[in-house]
Amino acid sequence: MAGFAKARRQSVIWLSFQECTGCTESLTRSYSPSLEDLIFDFISLDYHHTLQAVSGEAAEEARRQAMRDNRGKYIVIVDGSVPTAGGGVYSAIAGQSNVAMLAETVEHAAAVIAVGTCASFGGLPEANPNP
């Protein structure tokens with residue numbers, strides 16, 4: 001039991017791109033387990049842009065640190081669509097296009113999970129005539 005208590009929680013990097021924030025809202029209102037139980041007992045939510053927006057560059061460093069510390073072992077969750085037109089210039093976080101941030105983050109991930117219709121199929125941001 002002592003070894004299990006010292007076990008490292010699974011590192012999770014959650015990327016939110018073009019979306020309505022519905023997936024994050026669902027996460028924050030989860031009941032069983034609650035968000036608190038999830039992040040304190042089961043996973044290490046090392047990055048979530050929407051939840052860490054006020055942290056600025058410190059949040060981006062947390063993402064990069066989680067990628068370094070957990071290379072090949074972290075899980076990436078993506079919600080929101082990733083605009084690709086014009087090389088991805090239509091959406092950026094911390095000066096980096098969503099396309100570039102996604103490519104950088106998933107490069108050494110153990111798994112990538114698309115959450116919601118925006119990440120899976122483009123959702124409302126994909127509707128015409130949105131470039």
# chains A, B, ... in the order shown; residues from 1 in each chain; ligands from 1
>>> closest_atom_pairs(of="stretch 35-98 of chain A", to="stretch 10-22 of chain A", cutoff="8 Å", atoms="only C-alpha atoms", output="tab-separated table")
residue	atom	partner	partner_atom	distance
A:Phe42	CA	A:Gln10	CA	7.1
A:Ile43	CA	A:Gln10	CA	4.7
A:Ser44	CA	A:Ser11	CA	4.8
A:Leu45	CA	A:Val12	CA	4.9
A:Asp46	CA	A:Ile13	CA	5.7
A:Tyr47	CA	A:Ile13	CA	4.8
A:His48	CA	A:Trp14	CA	4.8
A:His49	CA	A:Ser16	CA	6.4
A:Thr50	CA	A:Ser16	CA	6.8
A:Arg63	CA	A:Ile13	CA	6.8
A:Ala66	CA	A:Ser11	CA	7.1
A:Asn70	CA	A:Ser11	CA	7.0
A:Lys73	CA	A:Ser11	CA	7.5
A:Tyr74	CA	A:Ser11	CA	4.9
A:Ile75	CA	A:Val12	CA	4.9
A:Val76	CA	A:Ile13	CA	4.8
A:Ile77	CA	A:Trp14	CA	4.6
A:Val78	CA	A:Leu15	CA	4.8
A:Asp79	CA	A:Ser16	CA	5.0
A:Gly80	CA	A:Glu19	CA	4.3
A:Ser81	CA	A:Gln18	CA	5.0
A:Val82	CA	A:Phe17	CA	6.2
A:Pro83	CA	A:Gln18	CA	7.7
A:Ser91	CA	A:Gln18	CA	7.3
A:Asn98	CA	A:Phe17	CA	6.5
>>> select_by_dssp(residues="stretch 3-125 of chain A", states="alpha helix (DSSP H)", output="PDB file with N, CA, C and O atoms, in the first residue's frame")
ATOM      1  N   GLY A   3       3.704   1.813  -1.436  1.00  0.00           N
ATOM      2  CA  GLY A   3       4.174   2.095  -2.791  1.00  0.00           C
ATOM      3  C   GLY A   3       3.094   2.752  -3.626  1.00  0.00           C
ATOM      4  O   GLY A   3       3.352   3.664  -4.399  1.00  0.00           O
ATOM      5  N   PHE A   4       1.864   2.270  -3.472  1.00  0.00           N
ATOM      6  CA  PHE A   4       0.750   2.842  -4.226  1.00  0.00           C
ATOM      7  C   PHE A   4       0.514   4.289  -3.809  1.00  0.00           C
ATOM      8  O   PHE A   4       0.237   5.145  -4.640  1.00  0.00           O
ATOM      9  N   ALA A   5       0.637   4.569  -2.530  1.00  0.00           N
ATOM     10  CA  ALA A   5       0.419   5.931  -2.033  1.00  0.00           C
ATOM     11  C   ALA A   5       1.445   6.901  -2.607  1.00  0.00           C
ATOM     12  O   ALA A   5       1.178   8.079  -2.764  1.00  0.00           O
ATOM     13  N   GLY A  22     -17.999  24.307 -23.375  1.00  0.00           N
ATOM     14  CA  GLY A  22     -18.938  23.337 -22.819  1.00  0.00           C
ATOM     15  C   GLY A  22     -18.257  22.121 -22.228  1.00  0.00           C
ATOM     16  O   GLY A  22     -18.684  21.591 -21.189  1.00  0.00           O
ATOM     17  N   CYS A  23     -17.191  21.642 -22.865  1.00  0.00           N
ATOM     18  CA  CYS A  23     -16.474  20.466 -22.336  1.00  0.00           C
ATOM     19  C   CYS A  23     -15.799  20.791 -21.014  1.00  0.00           C
ATOM     20  O   CYS A  23     -15.839  19.995 -20.071  1.00  0.00           O
ATOM     21  N   THR A  24     -15.205  21.965 -20.915  1.00  0.00           N
ATOM     22  CA  THR A  24     -14.582  22.381 -19.660  1.00  0.00           C
ATOM     23  C   THR A  24     -15.648  22.602 -18.589  1.00  0.00           C
ATOM     24  O   THR A  24     -15.464  22.231 -17.432  1.00  0.00           O
ATOM     25  N   GLU A  25     -16.775  23.197 -18.983  1.00  0.00           N
ATOM     26  CA  GLU A  25     -17.889  23.387 -18.032  1.00  0.00           C
ATOM     27  C   GLU A  25     -18.357  22.048 -17.484  1.00  0.00           C
ATOM     28  O   GLU A  25     -18.610  21.914 -16.288  1.00  0.00           O
ATOM     29  N   SER A  26     -18.448  21.044 -18.352  1.00  0.00           N
ATOM     30  CA  SER A  26     -18.856  19.708 -17.903  1.00  0.00           C
ATOM     31  C   SER A  26     -17.842  19.137 -16.922  1.00  0.00           C
ATOM     32  O   SER A  26     -18.208  18.531 -15.913  1.00  0.00           O
ATOM     33  N   LEU A  27     -16.558  19.317 -17.225  1.00  0.00           N
ATOM     34  CA  LEU A  27     -15.502  18.837 -16.333  1.00  0.00           C
ATOM     35  C   LEU A  27     -15.600  19.504 -14.961  1.00  0.00           C
ATOM     36  O   LEU A  27     -15.541  18.830 -13.933  1.00  0.00           O
ATOM     37  N   THR A  28     -15.763  20.809 -14.932  1.00  0.00           N
ATOM     38  CA  THR A  28     -15.776  21.530 -13.649  1.00  0.00           C
ATOM     39  C   THR A  28     -17.019  21.233 -12.820  1.00  0.00           C
ATOM     40  O   THR A  28     -17.007  21.442 -11.607  1.00  0.00           O
ATOM     41  N   LEU A  35     -14.416  17.285  -9.644  1.00  0.00           N
ATOM     42  CA  LEU A  35     -13.175  17.812 -10.206  1.00  0.00           C
ATOM     43  C   LEU A  35     -12.062  17.767  -9.163  1.00  0.00           C
ATOM     44  O   LEU A  35     -10.940  17.384  -9.457  1.00  0.00           O
ATOM     45  N   GLU A  36     -12.387  18.134  -7.942  1.00  0.00           N
ATOM     46  CA  GLU A  36     -11.395  18.127  -6.879  1.00  0.00           C
ATOM     47  C   GLU A  36     -10.846  16.722  -6.637  1.00  0.00           C
ATOM     48  O   GLU A  36      -9.638  16.523  -6.515  1.00  0.00           O
ATOM     49  N   ASP A  37     -11.741  15.732  -6.563  1.00  0.00           N
ATOM     50  CA  ASP A  37     -11.296  14.349  -6.368  1.00  0.00           C
ATOM     51  C   ASP A  37     -10.448  13.900  -7.549  1.00  0.00           C
ATOM     52  O   ASP A  37      -9.419  13.235  -7.370  1.00  0.00           O
ATOM     53  N   GLU A  57       2.268  33.273 -18.843  1.00  0.00           N
ATOM     54  CA  GLU A  57       3.453  32.518 -19.232  1.00  0.00           C
ATOM     55  C   GLU A  57       3.752  31.379 -18.262  1.00  0.00           C
ATOM     56  O   GLU A  57       4.303  30.344 -18.657  1.00  0.00           O
ATOM     57  N   ALA A  58       3.373  31.515 -17.000  1.00  0.00           N
ATOM     58  CA  ALA A  58       3.595  30.436 -16.030  1.00  0.00           C
ATOM     59  C   ALA A  58       2.813  29.188 -16.438  1.00  0.00           C
ATOM     60  O   ALA A  58       3.299  28.062 -16.268  1.00  0.00           O
ATOM     61  N   ALA A  59       1.616  29.366 -16.993  1.00  0.00           N
ATOM     62  CA  ALA A  59       0.835  28.220 -17.471  1.00  0.00           C
ATOM     63  C   ALA A  59       1.539  27.560 -18.640  1.00  0.00           C
ATOM     64  O   ALA A  59       1.618  26.326 -18.711  1.00  0.00           O
ATOM     65  N   GLU A  60       2.062  28.358 -19.556  1.00  0.00           N
ATOM     66  CA  GLU A  60       2.762  27.784 -20.713  1.00  0.00           C
ATOM     67  C   GLU A  60       4.021  27.047 -20.280  1.00  0.00           C
ATOM     68  O   GLU A  60       4.357  25.995 -20.822  1.00  0.00           O
ATOM     69  N   GLU A  61       4.710  27.560 -19.274  1.00  0.00           N
ATOM     70  CA  GLU A  61       5.888  26.864 -18.757  1.00  0.00           C
ATOM     71  C   GLU A  61       5.475  25.560 -18.079  1.00  0.00           C
ATOM     72  O   GLU A  61       6.191  24.559 -18.169  1.00  0.00           O
ATOM     73  N   ALA A  62       4.319  25.550 -17.414  1.00  0.00           N
ATOM     74  CA  ALA A  62       3.828  24.323 -16.786  1.00  0.00           C
ATOM     75  C   ALA A  62       3.568  23.249 -17.844  1.00  0.00           C
ATOM     76  O   ALA A  62       3.882  22.071 -17.637  1.00  0.00           O
ATOM     77  N   ARG A  63       3.033  23.646 -18.996  1.00  0.00           N
ATOM     78  CA  ARG A  63       2.804  22.702 -20.097  1.00  0.00           C
ATOM     79  C   ARG A  63       4.130  22.137 -20.595  1.00  0.00           C
ATOM     80  O   ARG A  63       4.289  20.916 -20.722  1.00  0.00           O
ATOM     81  N   ARG A  64       5.069  23.021 -20.830  1.00  0.00           N
ATOM     82  CA  ARG A  64       6.378  22.568 -21.326  1.00  0.00           C
ATOM     83  C   ARG A  64       7.093  21.684 -20.294  1.00  0.00           C
ATOM     84  O   ARG A  64       7.712  20.678 -20.648  1.00  0.00           O
ATOM     85  N   GLN A  65       6.989  22.025 -19.027  1.00  0.00           N
ATOM     86  CA  GLN A  65       7.615  21.232 -17.958  1.00  0.00           C
ATOM     87  C   GLN A  65       6.976  19.847 -17.874  1.00  0.00           C
ATOM     88  O   GLN A  65       7.686  18.847 -17.725  1.00  0.00           O
ATOM     89  N   ALA A  66       5.655  19.785 -17.963  1.00  0.00           N
ATOM     90  CA  ALA A  66       4.965  18.492 -17.934  1.00  0.00           C
ATOM     91  C   ALA A  66       5.391  17.629 -19.114  1.00  0.00           C
ATOM     92  O   ALA A  66       5.579  16.415 -18.971  1.00  0.00           O
ATOM     93  N   MET A  67       5.591  18.253 -20.274  1.00  0.00           N
ATOM     94  CA  MET A  67       6.044  17.510 -21.453  1.00  0.00           C
ATOM     95  C   MET A  67       7.457  16.970 -21.240  1.00  0.00           C
ATOM     96  O   MET A  67       7.742  15.820 -21.605  1.00  0.00           O
ATOM     97  N   ARG A  68       8.321  17.768 -20.639  1.00  0.00           N
ATOM     98  CA  ARG A  68       9.704  17.321 -20.383  1.00  0.00           C
ATOM     99  C   ARG A  68       9.748  16.213 -19.327  1.00  0.00           C
ATOM    100  O   ARG A  68      10.393  15.182 -19.505  1.00  0.00           O
ATOM    101  N   ASP A  69       9.045  16.446 -18.225  1.00  0.00           N
ATOM    102  CA  ASP A  69       9.101  15.512 -17.092  1.00  0.00           C
ATOM    103  C   ASP A  69       8.423  14.174 -17.385  1.00  0.00           C
ATOM    104  O   ASP A  69       8.738  13.174 -16.740  1.00  0.00           O
ATOM    105  N   ASN A  98      -2.817  27.392 -32.801  1.00  0.00           N
ATOM    106  CA  ASN A  98      -3.337  26.132 -32.266  1.00  0.00           C
ATOM    107  C   ASN A  98      -2.694  24.938 -32.963  1.00  0.00           C
ATOM    108  O   ASN A  98      -2.375  23.931 -32.315  1.00  0.00           O
ATOM    109  N   VAL A  99      -2.478  25.051 -34.275  1.00  0.00           N
ATOM    110  CA  VAL A  99      -1.851  23.971 -35.033  1.00  0.00           C
ATOM    111  C   VAL A  99      -0.451  23.679 -34.482  1.00  0.00           C
ATOM    112  O   VAL A  99      -0.093  22.521 -34.245  1.00  0.00           O
ATOM    113  N   ALA A 100       0.334  24.720 -34.269  1.00  0.00           N
ATOM    114  CA  ALA A 100       1.702  24.541 -33.766  1.00  0.00           C
ATOM    115  C   ALA A 100       1.700  24.002 -32.339  1.00  0.00           C
ATOM    116  O   ALA A 100       2.495  23.115 -31.999  1.00  0.00           O
ATOM    117  N   MET A 101       0.809  24.525 -31.484  1.00  0.00           N
ATOM    118  CA  MET A 101       0.749  24.060 -30.099  1.00  0.00           C
ATOM    119  C   MET A 101       0.336  22.592 -30.044  1.00  0.00           C
ATOM    120  O   MET A 101       0.919  21.801 -29.286  1.00  0.00           O
ATOM    121  N   LEU A 102      -0.635  22.216 -30.866  1.00  0.00           N
ATOM    122  CA  LEU A 102      -1.066  20.823 -30.899  1.00  0.00           C
ATOM    123  C   LEU A 102       0.074  19.918 -31.354  1.00  0.00           C
ATOM    124  O   LEU A 102       0.367  18.906 -30.704  1.00  0.00           O
ATOM    125  N   ALA A 103       0.732  20.278 -32.443  1.00  0.00           N
ATOM    126  CA  ALA A 103       1.834  19.463 -32.969  1.00  0.00           C
ATOM    127  C   ALA A 103       2.946  19.309 -31.935  1.00  0.00           C
ATOM    128  O   ALA A 103       3.469  18.206 -31.727  1.00  0.00           O
ATOM    129  N   GLU A 104       3.301  20.403 -31.269  1.00  0.00           N
ATOM    130  CA  GLU A 104       4.364  20.358 -30.262  1.00  0.00           C
ATOM    131  C   GLU A 104       3.969  19.480 -29.079  1.00  0.00           C
ATOM    132  O   GLU A 104       4.764  18.681 -28.589  1.00  0.00           O
ATOM    133  N   THR A 105       2.723  19.607 -28.640  1.00  0.00           N
ATOM    134  CA  THR A 105       2.291  18.920 -27.431  1.00  0.00           C
ATOM    135  C   THR A 105       2.085  17.427 -27.647  1.00  0.00           C
ATOM    136  O   THR A 105       2.406  16.627 -26.769  1.00  0.00           O
ATOM    137  N   VAL A 106       1.571  17.038 -28.785  1.00  0.00           N
ATOM    138  CA  VAL A 106       1.301  15.607 -29.005  1.00  0.00           C
ATOM    139  C   VAL A 106       2.527  14.814 -29.436  1.00  0.00           C
ATOM    140  O   VAL A 106       2.500  13.587 -29.421  1.00  0.00           O
ATOM    141  N   GLY A 116     -15.555  15.956 -27.253  1.00  0.00           N
ATOM    142  CA  GLY A 116     -16.612  16.802 -27.777  1.00  0.00           C
ATOM    143  C   GLY A 116     -16.651  16.879 -29.292  1.00  0.00           C
ATOM    144  O   GLY A 116     -15.732  16.463 -29.990  1.00  0.00           O
ATOM    145  N   THR A 117     -17.740  17.434 -29.784  1.00  0.00           N
ATOM    146  CA  THR A 117     -17.954  17.494 -31.230  1.00  0.00           C
ATOM    147  C   THR A 117     -17.013  18.464 -31.926  1.00  0.00           C
ATOM    148  O   THR A 117     -16.639  18.245 -33.078  1.00  0.00           O
ATOM    149  N   CYS A 118     -16.591  19.527 -31.263  1.00  0.00           N
ATOM    150  CA  CYS A 118     -15.672  20.480 -31.906  1.00  0.00           C
ATOM    151  C   CYS A 118     -14.332  19.817 -32.210  1.00  0.00           C
ATOM    152  O   CYS A 118     -13.807  19.941 -33.313  1.00  0.00           O
ATOM    153  N   ALA A 119     -13.777  19.101 -31.240  1.00  0.00           N
ATOM    154  CA  ALA A 119     -12.492  18.434 -31.454  1.00  0.00           C
ATOM    155  C   ALA A 119     -12.633  17.252 -32.406  1.00  0.00           C
ATOM    156  O   ALA A 119     -11.716  16.958 -33.173  1.00  0.00           O
ATOM    157  N   SER A 120     -13.767  16.578 -32.350  1.00  0.00           N
ATOM    158  CA  SER A 120     -13.955  15.385 -33.173  1.00  0.00           C
ATOM    159  C   SER A 120     -14.356  15.696 -34.610  1.00  0.00           C
ATOM    160  O   SER A 120     -13.895  15.029 -35.537  1.00  0.00           O
ATOM    161  N   PHE A 121     -15.221  16.701 -34.792  1.00  0.00           N
ATOM    162  CA  PHE A 121     -15.784  16.963 -36.117  1.00  0.00           C
ATOM    163  C   PHE A 121     -15.734  18.430 -36.544  1.00  0.00           C
ATOM    164  O   PHE A 121     -16.214  18.778 -37.614  1.00  0.00           O
TER     165      PHE A 121
END
>>> atom_distance(atom1="atom CA of A:Thr84", atom2="atom CA of A:Ile113")
18.9 Å
>>> atom_distance(atom1="atom CA of A:Ala110", atom2="atom CA of A:Gln52")
23.0 Å
>>> select_by_dssp(residues="stretch 47-130 of chain A", states="strand (DSSP E)", output="number ranges by chain")
A: 47-48, 75-79, 92-93, 96-97, 111-115
>>> closest_residue(among="A:Ala127, A:Gly122, A:Arg9, A:Ala109", to="A:Ile39", atoms="only C-alpha atoms")
A:Arg9
